[in-house]
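**Q** Enclosed is the structure file run35.csv (CSV, C-alpha atoms).
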```csv
chain,number,residue,atom,x,y,z
A,1,MET,CA,161.7,128.2,-38.8
A,2,VAL,CA,158.1,128.4,-39.9
A,3,GLY,CA,156.5,131.8,-39.2
A,4,SER,CA,154.1,132.6,-36.4
A,5,SER,CA,151.2,132.9,-38.7
A,6,MET,CA,151.3,129.1,-39.4
A,7,ARG,CA,148.2,127.9,-37.6
A,8,THR,CA,148.5,124.1,-38.0
A,9,PRO,CA,152.0,122.8,-38.2
A,10,SER,CA,150.7,119.3,-38.6
A,11,ASP,CA,149.3,120.2,-42.0
A,12,ILE,CA,152.8,121.4,-43.2
A,13,LEU,CA,154.3,118.1,-41.9
A,14,CYS,CA,151.7,116.1,-43.9
A,15,LEU,CA,152.6,118.0,-47.0
A,16,TYR,CA,156.3,117.4,-46.3
A,17,GLY,CA,155.6,113.7,-45.9
A,18,ALA,CA,153.6,113.4,-49.1
A,19,ARG,CA,156.3,115.4,-50.9
A,20,ALA,CA,158.9,112.9,-49.7
A,21,LEU,CA,156.9,109.9,-51.0
A,22,ARG,CA,156.3,111.6,-54.3
A,23,GLY,CA,160.0,112.6,-54.5
A,24,PHE,CA,161.1,109.0,-53.9
A,25,GLY,CA,158.8,107.7,-56.6
A,26,ASP,CA,159.8,110.3,-59.1
A,27,GLY,CA,163.5,109.6,-58.3
A,28,PHE,CA,163.3,106.0,-59.7
A,29,ALA,CA,160.5,106.5,-62.2
A,30,ILE,CA,162.3,109.0,-64.4
A,31,ILE,CA,165.2,106.6,-64.8
A,32,ILE,CA,163.1,103.4,-65.1
A,33,LEU,CA,160.7,104.9,-67.6
A,34,PRO,CA,163.2,105.1,-70.6
A,35,VAL,CA,164.8,101.8,-69.6
A,36,TYR,CA,161.4,100.1,-69.6
A,37,LEU,CA,160.4,101.6,-72.9
A,38,SER,CA,163.7,100.7,-74.5
A,39,ALA,CA,163.4,97.1,-73.1
A,40,ALA,CA,159.9,97.0,-74.6
A,41,GLY,CA,161.3,97.8,-78.0
A,42,PHE,CA,160.6,101.5,-78.4
A,43,SER,CA,163.0,103.8,-80.3
A,44,PRO,CA,164.5,107.0,-79.0
A,45,GLN,CA,162.1,109.0,-81.2
A,46,ALA,CA,159.2,107.1,-79.7
A,47,ILE,CA,160.5,107.7,-76.2
A,48,GLY,CA,160.8,111.4,-76.9
A,49,VAL,CA,157.1,111.4,-78.1
A,50,VAL,CA,156.1,109.6,-74.9
A,51,ALA,CA,157.9,112.2,-72.8
A,52,SER,CA,156.2,115.0,-74.7
A,53,THR,CA,152.8,113.4,-74.3
A,54,SER,CA,153.4,112.9,-70.5
A,55,LEU,CA,154.3,116.6,-70.0
A,56,LEU,CA,151.3,117.7,-72.2
A,57,GLY,CA,148.9,115.7,-70.0
A,58,THR,CA,150.5,117.1,-66.9
A,59,ALA,CA,149.9,120.6,-68.2
A,60,VAL,CA,146.3,120.0,-69.0
A,61,LEU,CA,145.5,118.4,-65.6
A,62,THR,CA,147.4,121.2,-63.7
A,63,LEU,CA,145.5,123.9,-65.5
A,64,ILE,CA,142.2,122.2,-64.7
A,65,THR,CA,143.2,121.8,-61.1
A,66,GLY,CA,144.2,125.5,-60.7
A,67,PHE,CA,140.9,126.8,-61.9
A,68,ILE,CA,138.6,124.3,-60.1
A,69,ALA,CA,140.5,124.5,-56.8
A,70,PRO,CA,138.4,127.5,-55.5
A,71,ARG,CA,135.2,125.4,-55.9
A,72,PHE,CA,136.4,122.2,-54.3
A,73,GLU,CA,137.9,121.1,-51.0
A,74,LEU,CA,141.6,121.0,-51.2
A,75,ARG,CA,141.8,117.7,-49.3
A,76,SER,CA,139.6,116.0,-52.0
A,77,LEU,CA,141.9,117.3,-54.7
A,78,PHE,CA,144.9,116.0,-52.9
A,79,LEU,CA,143.4,112.6,-52.6
A,80,ALA,CA,142.5,112.6,-56.3
A,81,GLY,CA,146.2,113.4,-57.1
A,82,ALA,CA,147.4,110.5,-54.9
A,83,GLY,CA,144.8,108.2,-56.5
A,84,LEU,CA,146.2,109.1,-59.9
A,85,MET,CA,149.6,107.9,-58.7
A,86,VAL,CA,148.1,104.6,-57.7
A,87,PHE,CA,146.4,104.3,-61.1
A,88,THR,CA,149.5,105.1,-63.0
A,89,GLY,CA,151.7,102.5,-61.1
A,90,LEU,CA,149.1,99.7,-61.6
A,91,ILE,CA,148.3,100.4,-65.3
A,92,PHE,CA,151.7,101.3,-66.8
A,93,PRO,CA,153.2,97.7,-66.5
A,94,ALA,CA,150.3,96.4,-68.7
A,95,ALA,CA,151.0,98.9,-71.5
A,96,GLU,CA,152.7,97.2,-74.4
A,97,THR,CA,151.6,99.1,-77.5
A,98,LEU,CA,152.6,102.7,-78.3
A,99,ALA,CA,149.0,103.9,-78.3
A,100,LEU,CA,148.3,102.6,-74.8
A,101,VAL,CA,151.7,103.9,-73.5
A,102,LEU,CA,150.8,107.4,-74.9
A,103,LEU,CA,147.4,107.3,-73.3
A,104,ILE,CA,148.7,106.3,-69.8
A,105,ALA,CA,151.5,108.9,-70.2
A,106,PHE,CA,149.0,111.6,-70.9
A,107,ILE,CA,146.6,110.9,-68.1
A,108,GLY,CA,149.1,109.5,-65.6
A,109,SER,CA,151.2,111.1,-62.9
A,110,ILE,CA,154.7,110.1,-64.1
A,111,ASN,CA,156.5,112.9,-65.9
A,112,PRO,CA,160.1,112.7,-67.2
A,113,SER,CA,161.2,116.0,-65.7
A,114,GLY,CA,160.9,115.2,-62.0
A,115,GLY,CA,158.6,116.3,-59.2
A,116,ASP,CA,158.1,120.0,-59.5
A,117,LEU,CA,155.2,119.6,-62.0
A,118,GLY,CA,151.8,118.1,-61.7
A,119,MET,CA,148.3,118.8,-60.3
A,120,LEU,CA,149.5,118.5,-56.7
A,121,VAL,CA,152.1,121.1,-56.9
A,122,PRO,CA,149.9,124.3,-57.1
A,123,LEU,CA,147.7,122.9,-54.3
A,124,GLU,CA,150.7,122.3,-52.0
A,125,HIS,CA,152.2,125.7,-52.9
A,126,ALA,CA,148.9,127.5,-52.0
A,127,LEU,CA,148.5,125.7,-48.7
A,128,LEU,CA,152.2,126.2,-47.7
A,129,THR,CA,151.9,130.0,-48.5
A,130,LYS,CA,148.6,130.3,-46.6
A,131,GLU,CA,150.1,129.0,-43.4
A,132,THR,CA,153.5,130.8,-43.6
A,133,ALA,CA,154.5,134.4,-42.8
A,134,ASP,CA,156.1,136.4,-45.7
A,135,ARG,CA,159.5,136.5,-44.0
A,136,ASP,CA,159.6,132.7,-43.8
A,137,ARG,CA,158.0,131.8,-47.1
A,138,THR,CA,161.2,131.3,-49.1
A,139,ALA,CA,162.7,129.1,-46.4
A,140,ILE,CA,159.6,127.0,-46.2
A,141,PHE,CA,159.6,126.5,-50.0
A,142,ALA,CA,163.3,125.7,-49.8
A,143,ARG,CA,162.6,123.0,-47.1
A,144,TYR,CA,159.8,121.6,-49.2
A,145,SER,CA,162.1,121.4,-52.3
A,146,LEU,CA,164.9,120.0,-50.2
A,147,ILE,CA,162.7,117.1,-49.0
A,148,GLY,CA,161.6,116.4,-52.5
A,149,SER,CA,165.2,116.4,-53.9
A,150,LEU,CA,166.7,114.3,-51.0
A,151,THR,CA,164.0,111.6,-51.4
A,152,ALA,CA,164.4,111.8,-55.2
A,153,ALA,CA,168.1,111.1,-54.7
A,154,VAL,CA,167.3,108.0,-52.6
A,155,GLY,CA,164.8,107.0,-55.3
A,156,SER,CA,167.5,107.3,-57.9
A,157,LEU,CA,169.5,104.7,-56.0
A,158,ALA,CA,166.4,102.5,-55.9
A,159,ALA,CA,166.4,102.5,-59.7
A,160,ALA,CA,169.3,100.0,-59.6
A,161,LEU,CA,167.0,97.4,-57.9
A,162,PRO,CA,165.9,95.8,-61.2
A,163,GLU,CA,169.5,94.9,-62.0
A,164,THR,CA,169.8,93.2,-58.6
A,165,LEU,CA,166.6,91.3,-59.3
A,166,VAL,CA,167.8,90.3,-62.8
A,167,SER,CA,171.0,88.9,-61.3
A,168,GLY,CA,168.8,86.9,-59.0
A,169,GLY,CA,166.9,85.2,-61.8
A,170,TRP,CA,164.1,87.7,-62.6
A,171,SER,CA,163.5,88.7,-66.2
A,172,ARG,CA,164.4,92.3,-67.0
A,173,LEU,CA,160.9,93.4,-67.9
A,174,SER,CA,159.4,91.8,-64.8
A,175,ALA,CA,161.9,93.5,-62.5
A,176,ILE,CA,161.2,96.9,-64.1
A,177,LYS,CA,157.4,96.4,-63.8
A,178,LEU,CA,157.8,95.7,-60.1
A,179,MET,CA,159.1,99.3,-59.7
A,180,PHE,CA,155.8,100.6,-61.2
A,181,TYR,CA,153.9,98.7,-58.6
A,182,LEU,CA,156.1,100.2,-55.9
A,183,TYR,CA,155.2,103.6,-57.3
A,184,ALA,CA,151.5,102.7,-56.8
A,185,VAL,CA,152.2,101.8,-53.2
A,186,LEU,CA,153.8,105.2,-52.7
A,187,GLY,CA,150.6,106.9,-54.0
A,188,LEU,CA,148.5,105.0,-51.5
A,189,LEU,CA,150.8,106.1,-48.7
A,190,ALA,CA,150.5,109.7,-49.9
A,191,ALA,CA,146.7,109.4,-49.8
A,192,LEU,CA,146.9,108.3,-46.2
A,193,LEU,CA,148.8,111.5,-45.4
A,194,TYR,CA,146.5,113.8,-47.4
A,195,ARG,CA,143.5,112.3,-45.5
A,196,ARG,CA,144.9,113.9,-42.3
A,197,LEU,CA,144.4,117.4,-43.7
A,198,PRO,CA,141.3,118.9,-42.1
A,199,ARG,CA,138.3,119.8,-44.2
A,200,ASP,CA,138.4,123.4,-43.3
A,201,HIS,CA,141.0,124.0,-46.2
A,202,SER,CA,138.1,124.1,-48.6
A,203,HIS,CA,137.6,127.2,-50.8
A,204,ALA,CA,136.7,130.4,-49.0
A,205,ALA,CA,133.2,131.9,-49.5
A,206,ASP,CA,134.7,135.2,-50.6
A,207,VAL,CA,136.9,133.9,-53.3
A,208,PRO,CA,136.2,136.0,-56.4
A,209,LYS,CA,134.7,134.3,-59.4
A,210,PRO,CA,137.6,135.1,-61.7
A,211,ALA,CA,140.5,132.8,-60.6
A,212,LEU,CA,142.9,135.6,-61.5
A,213,GLY,CA,142.1,139.2,-60.7
A,214,PRO,CA,144.4,142.1,-60.0
A,215,SER,CA,147.6,140.1,-60.5
A,216,ARG,CA,146.6,138.8,-63.9
A,217,ASN,CA,149.1,140.8,-65.9
A,218,ILE,CA,152.1,139.9,-63.8
A,219,VAL,CA,151.1,136.2,-63.7
A,220,TYR,CA,150.8,136.1,-67.5
A,221,ARG,CA,154.2,137.7,-68.0
A,222,LEU,CA,155.8,135.3,-65.6
A,223,ALA,CA,154.0,132.4,-67.3
A,224,ALA,CA,155.4,133.4,-70.6
A,225,LEU,CA,158.9,133.6,-69.3
A,226,PHE,CA,158.6,130.3,-67.4
A,227,SER,CA,157.4,128.6,-70.5
A,228,MET,CA,160.6,129.7,-72.3
A,229,ASP,CA,162.6,128.2,-69.5
A,230,ALA,CA,160.6,125.0,-69.5
A,231,PHE,CA,160.8,124.7,-73.3
A,232,ALA,CA,164.6,124.8,-72.9
A,233,GLY,CA,164.6,122.4,-70.0
A,234,GLY,CA,162.5,119.9,-72.1
A,235,PHE,CA,165.5,119.2,-74.2
A,236,VAL,CA,167.3,117.6,-71.3
A,237,VAL,CA,164.5,116.2,-69.1
A,238,GLN,CA,166.1,113.6,-66.8
A,239,SER,CA,164.7,110.6,-68.7
A,240,LEU,CA,166.3,111.9,-72.0
A,241,LEU,CA,169.5,112.9,-70.2
A,242,ALA,CA,169.7,109.3,-68.9
A,243,LEU,CA,169.1,108.0,-72.4
A,244,TRP,CA,171.9,110.2,-73.8
A,245,LEU,CA,174.3,108.9,-71.1
A,246,PHE,CA,173.2,105.3,-71.9
A,247,GLN,CA,173.7,105.7,-75.6
A,248,ARG,CA,176.8,107.9,-75.9
A,249,PHE,CA,178.8,106.5,-73.0
A,250,ASN,CA,177.2,103.1,-72.6
A,251,LEU,CA,176.5,104.0,-68.9
A,252,SER,CA,175.0,101.1,-66.9
A,253,LEU,CA,171.7,101.4,-65.0
A,254,GLU,CA,173.6,101.0,-61.7
A,255,ALA,CA,176.0,103.8,-62.6
A,256,ALA,CA,173.1,106.0,-63.8
A,257,SER,CA,171.3,105.5,-60.5
A,258,VAL,CA,174.4,106.6,-58.6
A,259,TYR,CA,174.9,109.6,-60.8
A,260,PHE,CA,171.3,110.7,-60.4
A,261,PHE,CA,171.5,110.1,-56.7
A,262,PHE,CA,174.4,112.6,-56.3
A,263,SER,CA,172.7,114.9,-58.8
A,264,SER,CA,169.6,115.1,-56.7
A,265,LEU,CA,171.6,115.4,-53.6
A,266,LEU,CA,173.5,118.4,-54.9
A,267,GLY,CA,170.3,119.9,-56.0
A,268,ALA,CA,168.8,119.4,-52.6
A,269,MET,CA,171.8,121.0,-50.9
A,270,SER,CA,171.4,124.1,-53.0
A,271,PHE,CA,167.9,124.9,-51.7
A,272,PRO,CA,168.9,126.2,-48.3
A,273,VAL,CA,171.7,128.1,-50.0
A,274,ALA,CA,169.1,129.6,-52.4
A,275,ALA,CA,167.0,130.7,-49.4
A,276,TRP,CA,170.0,132.3,-47.8
A,277,LEU,CA,171.0,134.1,-51.0
A,278,ALA,CA,167.5,135.3,-51.6
A,279,GLY,CA,167.5,137.0,-48.2
A,280,ARG,CA,170.6,138.9,-49.2
A,281,ILE,CA,170.4,139.6,-52.9
A,282,GLY,CA,166.7,139.1,-53.6
A,283,LEU,CA,164.7,136.4,-55.3
A,284,ILE,CA,165.1,137.5,-58.9
A,285,ASN,CA,168.9,137.9,-58.6
A,286,THR,CA,169.2,134.5,-56.9
A,287,MET,CA,167.3,132.9,-59.8
A,288,VAL,CA,169.3,134.6,-62.5
A,289,PHE,CA,172.9,134.6,-61.2
A,290,THR,CA,172.8,130.9,-60.3
A,291,HIS,CA,171.1,129.8,-63.4
A,292,ILE,CA,173.4,131.2,-66.0
A,293,PRO,CA,176.6,129.3,-64.9
A,294,SER,CA,174.6,126.1,-64.8
A,295,SER,CA,173.6,126.6,-68.4
A,296,LEU,CA,177.2,127.1,-69.4
A,297,CYS,CA,178.2,123.8,-67.7
A,298,LEU,CA,175.5,122.0,-69.7
A,299,ILE,CA,176.8,123.4,-73.0
A,300,ALA,CA,180.3,122.4,-72.1
A,301,ALA,CA,179.2,118.8,-71.3
A,302,ALA,CA,177.7,118.5,-74.8
A,303,PHE,CA,181.1,118.9,-76.4
A,304,SER,CA,183.1,116.6,-74.1
A,305,SER,CA,183.9,113.1,-75.0
A,306,ASP,CA,185.3,112.2,-71.5
A,307,LEU,CA,182.6,110.6,-69.3
A,308,THR,CA,184.3,111.8,-66.1
A,309,VAL,CA,184.3,115.4,-67.3
A,310,VAL,CA,180.8,115.2,-68.5
A,311,LEU,CA,179.5,113.8,-65.2
A,312,ALA,CA,181.5,116.4,-63.3
A,313,LEU,CA,180.0,119.3,-65.4
A,314,LEU,CA,176.5,117.8,-65.0
A,315,LEU,CA,177.0,117.6,-61.2
A,316,VAL,CA,178.1,121.2,-61.0
A,317,ARG,CA,175.0,122.1,-63.1
A,318,SER,CA,172.9,120.2,-60.6
A,319,ALA,CA,174.3,122.2,-57.7
A,320,LEU,CA,173.3,125.4,-59.4
A,321,SER,CA,170.3,124.9,-61.7
A,322,GLN,CA,167.8,124.0,-59.0
A,323,MET,CA,168.2,127.1,-56.9
A,324,ASP,CA,165.4,128.8,-58.9
A,325,VAL,CA,162.9,126.1,-57.8
A,326,PRO,CA,162.0,127.4,-54.3
A,327,THR,CA,162.8,131.0,-55.2
A,328,ARG,CA,160.5,130.9,-58.2
A,329,SER,CA,157.7,129.3,-56.3
A,330,SER,CA,158.1,131.8,-53.4
A,331,TYR,CA,158.2,134.8,-55.8
A,332,VAL,CA,155.0,133.8,-57.6
A,333,MET,CA,153.2,133.3,-54.3
A,334,ALA,CA,154.5,136.7,-53.0
A,335,VAL,CA,153.4,138.9,-55.9
A,336,VAL,CA,149.8,137.8,-56.1
A,337,THR,CA,146.8,138.2,-53.7
A,338,PRO,CA,146.0,135.3,-51.4
A,339,ALA,CA,142.8,134.5,-53.3
A,340,GLU,CA,144.8,134.1,-56.5
A,341,ARG,CA,147.5,131.8,-55.2
A,342,THR,CA,146.2,128.4,-56.4
A,343,ALA,CA,145.3,129.8,-59.8
A,344,ALA,CA,148.6,131.7,-60.1
A,345,ALA,CA,150.6,128.6,-59.2
A,346,SER,CA,148.7,126.6,-61.8
A,347,VAL,CA,148.8,129.3,-64.6
A,348,THR,CA,152.5,129.7,-64.2
A,349,ALA,CA,153.1,126.0,-64.1
A,350,VAL,CA,150.9,125.0,-67.0
A,351,PRO,CA,152.8,126.9,-69.7
A,352,ARG,CA,155.9,125.3,-68.4
A,353,SER,CA,154.4,121.9,-68.8
A,354,LEU,CA,153.0,122.8,-72.3
A,355,ALA,CA,156.3,124.2,-73.5
A,356,SER,CA,158.3,121.4,-72.0
A,357,SER,CA,156.0,118.9,-73.7
A,358,ILE,CA,157.1,120.0,-77.1
A,359,SER,CA,160.9,119.9,-76.8
A,360,PRO,CA,161.4,116.2,-75.7
A,361,ALA,CA,160.0,115.0,-79.0
A,362,ILE,CA,162.4,117.3,-80.8
A,363,ALA,CA,165.3,116.2,-78.6
A,364,GLY,CA,164.5,112.5,-79.3
A,365,PHE,CA,165.2,113.1,-83.0
A,366,MET,CA,168.3,115.1,-82.1
A,367,LEU,CA,169.6,112.3,-80.0
A,368,ALA,CA,169.5,110.0,-83.0
A,369,GLY,CA,171.4,112.6,-85.2
A,370,PRO,CA,175.1,112.9,-85.8
A,371,PHE,CA,175.7,115.2,-82.8
A,372,SER,CA,173.8,113.7,-79.9
A,373,GLY,CA,174.8,116.5,-77.6
A,374,LEU,CA,172.8,119.1,-79.6
A,375,PRO,CA,169.8,119.0,-77.1
A,376,LEU,CA,172.1,120.1,-74.3
A,377,VAL,CA,173.5,123.0,-76.3
A,378,VAL,CA,170.0,124.2,-77.3
A,379,CYS,CA,168.8,123.9,-73.7
A,380,GLY,CA,171.7,126.0,-72.4
A,381,VAL,CA,171.5,128.8,-74.9
A,382,LEU,CA,167.7,129.2,-74.4
A,383,LYS,CA,168.0,129.2,-70.7
A,384,ILE,CA,170.5,132.0,-70.7
A,385,GLY,CA,168.1,134.0,-72.8
A,386,TYR,CA,165.4,133.4,-70.3
A,387,ASP,CA,167.5,134.5,-67.4
A,388,LEU,CA,168.4,137.8,-69.0
A,389,ALA,CA,164.8,138.4,-69.9
A,390,LEU,CA,163.6,137.7,-66.4
A,391,LEU,CA,166.2,140.0,-64.9
A,392,ARG,CA,165.2,142.8,-67.3
A,393,MET,CA,161.4,142.5,-66.8
A,394,PHE,CA,161.2,141.9,-63.0
A,395,ARG,CA,164.2,143.3,-61.2
A,396,HIS,CA,162.1,146.1,-59.9
A,397,THR,CA,159.1,144.0,-58.9
A,398,LYS,CA,159.9,143.0,-55.3
A,399,PRO,CA,158.0,140.7,-52.9
A,400,PRO,CA,156.7,142.2,-49.6
A,401,GLU,CA,159.7,141.1,-47.5
A,402,GLU,CA,162.2,142.8,-49.9
A,403,VAL,CA,160.1,146.0,-50.0
A,404,LEU,CA,160.2,146.1,-46.2
A,405,ARG,CA,164.0,145.6,-46.1
A,406,SER,CA,164.5,148.4,-48.7
A,407,ASP,CA,162.4,150.7,-46.6
```
Take the structure I supplied and represent it as structure tokens, if you would.
**A**
Amino acid sequence: MVGSSMRTPSDILCLYGARALRGFGDGFAIIILPVYLSAAGFSPQAIGVVASTSLLGTAVLTLITGFIAPRFELRSLFLAGAGLMVFTGLIFPAAETLALVLLIAFIGSINPSGGDLGMLVPLEHALLTKETADRDRTAIFARYSLIGSLTAAVGSLAAALPETLVSGGWSRLSAIKLMFYLYAVLGLLAALLYRRLPRDHSHAADVPKPALGPSRNIVYRLAALFSMDAFAGGFVVQSLLALWLFQRFNLSLEAASVYFFFSSLLGAMSFPVAAWLAGRIGLINTMVFTHIPSSLCLIAAAFSSDLTVVLALLLVRSALSQMDVPTRSSYVMAVVTPAERTAAASVTAVPRSLASSISPAIAGFMLAGPFSGLPLVVCGVLKIGYDLALLRMFRHTKPPEEVLRSD
């Protein structure tokens, strides 16, 4: 239940609706992207470079957004982000050379790691926090993440549509390109929802000139840790994980779409559980003690040669690894001042994008090596290191609602 301080529930509903559209688009785009690039003749190494370029561009745009947000109307920035989705969906099918693909990947909105990155994320986080009471903040972020994951799950199923079209006589490339046009339509629908946001969500007159002020040190420390986590996650972004399953187990596109549907569904189901756990053991403990077992599942999957076992381990990981998504967002918003929220969301997100933009290129070469499961092992080990560091550095830094409970 949204807190009593939420002044305009319709704004929250608009954000939820836009998140649903973006989630659906991300759900099929991250699967279609490597399939399209492979069908166009690109090697795994080239696909890894494209993934890195995409994440790098996401980082740059998110950083710019976070620092200019106090000077611009939020609704205008939301519309710009939706317009970028339309642009990406219309232009990507025309890209045939590596140089053009890299350019569109850098400036476009499709990223291979899912929907919790991008210029729209810090804007939505700031607005959600502004209109939510402290006691309800984690639950609201869990609901926001739940909507994104559920719609991404449905989008994963939609990734099988090209195979249906191919069986009906379409060429493979034409069928895949149609999905990019669908992505553009989703961007247009998101823009219609963002237009419903009132203009009074523009920057406040008393926003300090520095985007980050008293919370600078804690934001920078969190950003450093989140970058370590993201660098690890970049080794198994979903596009590359799909490519690994395609190559090692000859998984079909239909089977991959079903797997990613259930993977997203399990991740979505974990968000309300994460909010419930956070209310009892705290945000930091919830992040750490659900993350470590998920990393162990990933490492185990790398060494298994049985597809059923691998998919089972990856599904268990999906049920645990995403619990830090709403809790992490809620924690960042809780430990900074209201005026710093947009910048804090951006500054903690950007190093994640930058760090995760490096590892996919490395993972692409690992996938072509003698032990294709190496990216999964590297990811799991690094993530465990991140969890232990986060627990050590921030276990005593509590958000307002946990301080009140302890008193």
**Q** For a quick check of understanding, using all atoms listed in the file, which of A:Arg352, A:Arg248, A:Arg172, A:Arg317 has the smallest distance to Ser227 in chain A?
**A**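 Nearest candidate to Ser227 in chain A out of A:Arg352, A:Arg248, A:Arg172, A:Arg317: A:Arg352.
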**Q** Please compute the CA of Leu266 in chain A-CA of Leu55 in chain A distance, one decimal, in Å.
**A**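 Atom-to-atom, CA of Leu266 in chain A and CA of Leu55 in chain A are spaced 24.5 Å apart.
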**Q** From the set A:Arg341, A:Arg137, A:Lys383, A:Arg221, which residue has the shortest atom-to-atom contact distance to Phe235 in chain A, counting only C-alpha atoms?
**A**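 Of the candidates, the smallest distance to Phe235 in chain A is held by A:Lys383.
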**Q** From the list A:Leu128, A:Gly41, A:Val86, A:Phe246, which residue is nearest Leu98 in chain A when using all atoms listed in the file?
**A**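 Answer, going by the shortest atom-to-atom distance: A:Gly41.
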**Q** Taking only C-alpha atoms into account, produce a table as JSON lines in which each residue of range 185-285 of chain A with an atom at most 12 Å from an atom of range 162-171 of chain A appears once, together with its shortest atom pair and the distance in Å to one decimal, ordered by chain and rising number.
**A**
```
{"residue": "A:Ser252", "atom": "CA", "partner": "A:Glu163", "partner_atom": "CA", "distance": 9.6}
{"residue": "A:Leu253", "atom": "CA", "partner": "A:Glu163", "partner_atom": "CA", "distance": 7.5}
{"residue": "A:Glu254", "atom": "CA", "partner": "A:Glu163", "partner_atom": "CA", "distance": 7.4}
{"residue": "A:Ala255", "atom": "CA", "partner": "A:Glu163", "partner_atom": "CA", "distance": 11.0}
{"residue": "A:Ala256", "atom": "CA", "partner": "A:Glu163", "partner_atom": "CA", "distance": 11.8}
{"residue": "A:Ser257", "atom": "CA", "partner": "A:Glu163", "partner_atom": "CA", "distance": 10.9}
```
**Q** Can you list every residue of range 237-270 of chain A that has an atom at most 8 Å from range 359-370 of chain A, with its nearest atom pair and the distance in Å to one decimal, using all atoms listed in the file, ordered by chain then number, as CSV?
**A**
```
residue,atom,partner,partner_atom,distance
A:Val237,CA,A:Pro360,CA,7.3
A:Leu240,CA,A:Pro360,CA,7.5
A:Trp244,CA,A:Leu367,CA,6.9
```
**Q** A:Ser318, A:Ser295, A:Ser76, A:Asn250: which is nearest Val378 in chain A, counting only C-alpha atoms?
**A**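 Selected residue with least distance to Val378 in chain A: A:Ser295.
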**Q** Looking at all atoms listed in the file, which of A:Gly108, A:Pro198, A:Pro70, A:Gly233 is the one that sits closest to Ile12 in chain A?
**A**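 Once distances to Ile12 in chain A are computed over all atoms listed in the file, the minimum belongs to A:Pro198.
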**Q** Which neighbours of Arg22 in chain A fall inside 12 Å, counting all atoms listed in the file, when residues of the same chain fewer than 2 positions from it are skipped, and could you give them as a ChimeraX atom specification?
**A** /A:15-20,24-29,81-82,84-86,109-111,114-118,120-121,144-145,147-155,182-191,193
**Q** Out of A:Gly57, A:Gly23, A:Gly373, A:Gly267, which residue has the shortest atom-to-atom distance to Pro326 in chain A when counting all atoms listed in the file?
**A** A:Gly267
**Q** Find the distance between CA of Pro214 in chain A and CA of Pro399 in chain A and write it in Å to one decimal.
**A**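 Computed distance, CA of Pro214 in chain A to CA of Pro399 in chain A, equals 15.4 Å.
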**Q** Around (165.5, 111.0, -71.3), as given in the file, which residues come within 8 Å? Count all atoms listed in the file and list them as a list in words.
**A**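 It turns out the residues near that spot are Ile30, Ile31, Pro34, Ile47, Gly48, Ala51, Pro112, Val236, Val237, Gln238, Ser239, Leu240, Leu241, Ala242, Leu243, Trp244 and Pro360 of chain A.
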**Q** If we draw a sphere of 10 Å around (171.5, 116.0, -58.7), which residues have at least one atom in it when counting only C-alpha atoms? Please report them as a ChimeraX atom specification.
**A** /A:149-150,152-153,156,258-270,314-322
**Q** Mind pulling up the distance from CA of Asp136 in chain A to CA of Ile281 in chain A?
**A** 15.7 Å
**Q** Applying 9 Å and only C-alpha atoms, which residues near Ala275 in chain A remain after dropping the ones on its own chain fewer than 2 positions away? List them as a PyMOL selection string.
**A** chain A and resi 138-142+270-273+277-280+283+286+323+326-327
**Q** Using all atoms listed in the file, determine which residues lie at most 7 Å from range 122-124 of chain A, disregarding the query and same-chain residues fewer than 2 positions distant; provide the list as an NGL selection string.
**A** :A and (15 or 66 or 119-120 or 126-128 or 342 or 345-346)
**Q** Mind checking which residues fall within 12 Å of Leu391 in chain A, counting all atoms listed in the file, ignoring those fewer than 3 positions away in the same chain, and posting them as a ChimeraX atom specification?
**A** /A:222,225,282-289,291-292,384-388,394-398
